Structure formats: C-alpha cells, structure tokens
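For reference, the structure is listed below as structure tokens.
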Amino acid sequence: MIIFIITLYFLYFLAKIYISASEIGFVSKAKNLPPVILSSENYQKAAEYKIANERFNILSNLYDYALFLFWIMFGLKALEAFFITDGGVFQSVLFVMSFIAINFILSLPFDIYSTFVKDRKFGFSTIDAKTYILDNIKSAVIFIIVGGLIIALVSWIISSFSLWWLWSFGVIFAVVLFINMFYPTFIAPIFNKFTPLEEGALRDSIEVLMQKAGLKSSGIFTMDASKRDNRLNAYFGGLGKSKRVVLFDTLIKKLNQSELLAVLGHELGHFKHKDILKNIAATAGLLFILFALFGNLPDSVYEALEIQNGAHSVIAIFLLLSSVVSFVVMPLFGLLSRKNEYKADEYGSECESKEALAGALIKLTDENKSFPRSHPLYIAFYHTHPPLVERLKALGVDV
C-alpha cells in the first residue's frame with residue numbers, strides 16, 4: 001500500500017514537473033517570435049519572469065516531493081510517537097498543528113526567496129522585512145486561534161460519529177462560507193489599510209454601475225497594496241451585507257477612469273452572472289468528494305504507514321494527499337472559470353466600452369508582466385483566465 005501511495009504522488013509530482021518544463025520550452029521559443037500586445041522590451045521581461053517562475057516551481061515541487069516522502073516514510077510515525085497516547089482531541093490538535101507548523105517552517109526559505117529575491121528582481125515585491133515578519137506573526141496567531149478551534153471540532157467529530165466525513169464536510173463548508181462572508185470586513189483589515197474612496201466622479205460612476213448590476217455593498221474602498229507588491233488588481237469581496245468593492249492603490253495610479261470602470265464592470269459581470277455562488281458550489285462539490293474519499297480509506301493505509309487510524313492521522317493524510325485529487329479536477333474548474341471570464345468581459349465592455357476594457361487588460365498584463373502566450377497544457381491546468389490574446393479577439397480588438 002505504501003508503494004501505491006508513493007507511486008501515486010510521484011505521478012502527480014511528475015505531471016507538475018512536465019507541465020512546468022513544457023511551459024518553459026514553449027515560452028523560450030515564443031519569446032523569439034514577434035511580440036504581441038506588449039512592447040518588445042516588456043514582452044522579453046514578461047517571458048523572463050515566466051521562465052524564472054516555472055524554474056522556481058520545479059525546484060519547489062522537488063522539495064515538496066522530498067518532504068512528502070519524509071512524512072510518509074518517517075515523519076508521521078515519529079510525530080505520532082511524540083504526541084499521541086490516548087488519541088484525545090487535545091493531542092490530535094497538537095499533532096496536526098505541529099504537522100502544519102513544521103511544513104511551514106521547512107517551506108519558509110522558498111517563500112523568503114520568492115518574495116525578497118525573485119519578485120523583487122522583477123520589480124514586484126515592495127514589502128520590507130518588518131512587514132513580512134508582522135504578516136507571518138498575525139497569520140500564526142489567527143491560525144492558532146481559529147485553526148486550532150476548527151481542528152479540535154473536526155477531531156471531535158471524527159472520534160464521535162461513524163459518518164464523520166459527512167459532518168466534517170458540513171463544518172468545513174460552513175467555514176468556507178464564513179471566510180467568504182467576513183474576510184473583507186474582519187480579516188483583510190488586519191493586514192491592509194482600507195480607505196473609503198473619496199467622493200467624486202469615479203465614486204459616482206462606480207455607484208451607478210453597482211445600481212445597474214443590482215449590487216448593494218458596504219462601501220467602495222482603496223487598499224494600500226503597494227506596501228507589499230506593485231501588481232494591479234481589484235475585487236468584490238464578501239457575501240450578504242459584507243460585500244464591498246476594493247481597488248488596489250496601484251490600480252488607481254495606472255488606469256484612467258474609463259479603464260477602471262471597465263475593470264469594475266468585468267467584476268460586476270461575475271456578480272451579475274452569479275459566478276461567486278457558482279464557485280462556492282464548485283468548492284462544495286470538491287470538498288464533498290475529498291471528504292467522501294478520505295473518509296473511507298481502508299485500514300491498510302494506516303497499517304502501511306505504521307500509524308493509528310485516528311483523528312490526527314486522518315487529518316494529516318487529508319492534508320498530504322488532497323492536492324493530488326484537486327490537481328485531477330483542476331482542468332474542469334479552469335475550463336468553467338475561463339468561460340465565465342469571457343462572459344464577464346462582455347458585461348464589462350457593455351458597462352464602459354470594448355476599447356476601455358481592452359486598454360485596461362493590456363495595462364494589467366504589462367504592469368503585472370504576464371506573458372501573453374502559454375502552452376495549451378499549462379492553460380488547461382493552471383489558467384483561470386483565458387490568454388489575453390483570446391480575450392481581446394473575443395472583444396473584437398485586433399492584436
């Protein structure tokens with residue numbers, strides 16, 4: 001059984017390496033083609049950033065595979081021997097939180113390199129060491145408090161019910177809903193400063209768009225994203241009365257009013273077409289599959305790993321292997337997401353104009369150094385948005 005688990009994860013690892021290698025080869029050739037959308041200089045920079053990212057991903061995946069082997073062959077057994085005696089809820093919480101903490105610490109050098117070396121080299125990361133450390137401390141405190149409660153509840157459910165996986169699915173899905181509802185108003189402000197957009201033509205125009213789409217929000221805000229990163233973005237967050245419009249300060253600096261309204265029109269298109277609810281439903285479907293699968297693993301899995309079949313080991317195996325299942329369904333999720341993006345583009349262009357939306361998308365691609373071409377396999381597995389070339393063609397804009 002342990003050979004089967006290692007082989008399964010190896011195939012998953014191999015697939016990710018192959019897709020990254022295919023993308024590197026594709027972009028390396030494509031960067032020598034006549035540039036599209038971007039200027040010649042920025043086209044080359046975007047290609048270099050893409051290649052650097054995928055090389056980093058390959059190295060990171062190699063490390064993750066080594067870490068997986070460590071846990072499967074030695075780590076879980078050693079951690080269980082240290083923490084688990086009677087298999088109570090408190091011991092399960094200590095086991096799982098230690099498992100997560102060790103993974104975080106061992107992966108921290110990759111995050112530091114990505115943030116302070118790779119992304120800074122290409123002009124993205126602006127975060128300083130103090131902010132980075134404070135972010136991690138805040139995240140750790142939230143994890144210890146909220147994560148500890150969730151792990152304790154799931155551990156108790158696993159120990160108390162035969163159909164624990166169904167009840168646990170309900171709890172985790174409720175947590176997903178809770179996060180979607182309260183993240184913009186309670187969690188995000190812990191990390192960023194949100195300032196109400198000042199009154200004026202832009203605010204008035206946004207309110208008109210929101211009324212047209214039937215969106216009632218708790219406000220329109222700007223976020224100090226530039227203290228961490230120079231990339232551009234905007235989003236609608238929250239559910240129910242917590243919904244709010246958030247504009248990155250970097251976006252406001254780079255786009256004119258017409259382009260900003262087109263981007264917001266695109267995001268409103270997702271609201272109008274109920275894409276947020278569709279995504280939540282899709283997440284629920286994936287979670288149900290994961291819990292049904294890992295809730296019915298045979299005892300031979302735990303025997304092969306030489307660990308107890310208890311709440312602590314169930315959660316650890318779930319965390320170790322759920323990414324494999326998620327990877328298999330990613331192409332379907334990506335396909336649905338890309339179709340939704342085309343519809344949102346159409347709505348955004350109707351809110352302002354095709355030219356305004358096209359101009360905004362080009363600026364976003366340029367500022368975020370997004371290479372406009374990609375390998376079909378990479379698109380299938382990782383792109384939630386269609387390639388910009390295809391989006392502009394759908395808008396009727398020549399590239």
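For the structure tokens, the naming scheme is as follows: chains receive sequential letters (A, B, ...) according to their order of presentation, residues are indexed from 1 within each chain, and ligands are indexed from 1 in presentation order.
By only C-alpha atoms, and with residues fewer than 4 positions from Thr365 of chain A along its chain excluded, the set lying at most 9 Å from it is A:Ile37, A:Leu38, A:Ala46, A:Ala360, A:Leu361, A:Lys369, A:Ser370, A:Phe371, A:Pro372, A:Leu388.
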Each segment 115-197 of chain A residue no farther than 10 Å from segment 313-325 of chain A, nearest pair in Å, only C-alpha atoms, as CSV:
```
residue,atom,partner,partner_atom,distance
A:Ile151,CA,A:Ile315,CA,8.4
A:Val154,CA,A:Ile315,CA,8.6
A:Ser155,CA,A:Ile315,CA,8.1
A:Ile158,CA,A:Val314,CA,8.6
```
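Those residues in segment 83-317 of chain A carrying a DSSP assignment of strand (DSSP E or B), computed from the backbone, are A:Ser125, A:Phe194, A:Thr195, A:Pro196, A:Ile220, A:Phe221, A:Thr222, A:Met223, A:Asp229, A:Ala234, A:Tyr235, A:Phe236, A:Gly237, A:Arg244, A:Val245, A:Val246, A:Leu247, A:Phe248.
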Output the selection as a tab-separated table (two decimals), in the first residue's frame - C-alpha atoms for each residue.
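Once written, result_11.tsv looks like this:
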```
chain	number	residue	atom	x	y	z
A	125	SER	CA	7.75	42.89	-4.26
A	194	PHE	CA	-8.79	50.15	3.67
A	195	THR	CA	-9.81	53.73	2.98
A	196	PRO	CA	-13.26	54.73	1.66
A	220	ILE	CA	-16.10	51.27	-2.01
A	221	PHE	CA	-12.53	51.17	-0.68
A	222	THR	CA	-8.93	51.59	-1.75
A	223	MET	CA	-6.33	49.20	-0.33
A	229	ASP	CA	3.55	44.49	-4.13
A	234	ALA	CA	-9.40	44.98	-7.90
A	235	TYR	CA	-12.05	42.72	-6.44
A	236	PHE	CA	-15.52	42.40	-4.97
A	237	GLY	CA	-15.39	40.59	-1.66
A	244	ARG	CA	-17.50	45.62	-0.67
A	245	VAL	CA	-15.64	46.94	-3.70
A	246	VAL	CA	-11.86	47.06	-3.26
A	247	LEU	CA	-9.45	48.88	-5.56
A	248	PHE	CA	-5.70	48.41	-5.17
```
Considering only C-alpha atoms, tabulate each residue of segment 214-276 of chain A that lies at most 9 Å from segment 330-345 of chain A along with its nearest interatomic pair and the corresponding distance in Å to one decimal; arrange the rows by chain and ascending residue number and present them as a Markdown table.
```
| residue | atom | partner | partner_atom | distance |
| --- | --- | --- | --- | --- |
| A:Ala262 | CA | A:Asp345 | CA | 8.7 |
| A:Val263 | CA | A:Asp345 | CA | 8.6 |
| A:Gly265 | CA | A:Ala344 | CA | 7.8 |
| A:His266 | CA | A:Ala344 | CA | 4.8 |
| A:Glu267 | CA | A:Ala344 | CA | 6.8 |
| A:Leu268 | CA | A:Ala344 | CA | 7.5 |
| A:Gly269 | CA | A:Ala344 | CA | 4.4 |
| A:His270 | CA | A:Ala344 | CA | 5.7 |
| A:Phe271 | CA | A:Ala344 | CA | 8.9 |
| A:Lys272 | CA | A:Ala344 | CA | 8.6 |
| A:His273 | CA | A:Ala344 | CA | 7.9 |
| A:Asp275 | CA | A:Asn340 | CA | 7.1 |
```
Near segment 113-122 of chain A, counting only C-alpha atoms, which residues have an atom at most 9 Å away, once you skip same-chain residues fewer than 3 positions from it, shown as a PDB file with C-alpha atoms, in the first residue's frame?
```pdb
ATOM      1  CA  LYS A  45      10.759  40.869 -19.499  1.00  0.00           C
ATOM      2  CA  TYR A  49       9.690  36.359 -15.419  1.00  0.00           C
ATOM      3  CA  ALA A  52      12.025  32.223 -13.726  1.00  0.00           C
ATOM      4  CA  ASN A  53       8.688  31.399 -12.063  1.00  0.00           C
ATOM      5  CA  PHE A  56      11.329  28.105  -9.213  1.00  0.00           C
ATOM      6  CA  LEU A 108       9.763  29.293   4.668  1.00  0.00           C
ATOM      7  CA  PRO A 109      13.110  29.664   2.808  1.00  0.00           C
ATOM      8  CA  PHE A 110      11.278  29.237  -0.519  1.00  0.00           C
ATOM      9  CA  SER A 125       7.750  42.889  -4.257  1.00  0.00           C
ATOM     10  CA  THR A 126       7.971  46.089  -2.191  1.00  0.00           C
ATOM     11  CA  ILE A 127       7.485  44.527   1.238  1.00  0.00           C
ATOM     12  CA  ASP A 128      10.081  45.207   3.920  1.00  0.00           C
ATOM     13  CA  ALA A 129      11.350  42.701   6.479  1.00  0.00           C
ATOM     14  CA  ASP A 229       3.551  44.495  -4.131  1.00  0.00           C
ATOM     15  CA  LYS A 369       4.467  41.166 -16.540  1.00  0.00           C
TER      16      LYS A 369
END
```
Write down as number ranges by chain the residues of segment 119-314 of chain A whose backbone DSSP state falls under helix (DSSP H, G or I). A: 119-121, 129-160, 164-191, 201-213, 225-227, 240-242, 249-254, 257-272, 275-294, 299-305, 311-314
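Ranking A:Glu259, A:Asp86, A:Glu390, A:Glu80 by their shortest atom-to-atom distance to Leu305 of chain A, with only C-alpha atoms included, puts A:Glu80 first.
Atom CA of Leu287 of chain A to atom CA of Leu76 of chain A spans 23.6 Å [interatomic distance, one decimal].
The closest residue to Ser40 of chain A, picked from A:Asp366, A:Phe83, A:Ser159, A:Leu290 and counting only C-alpha atoms, is A:Asp366.
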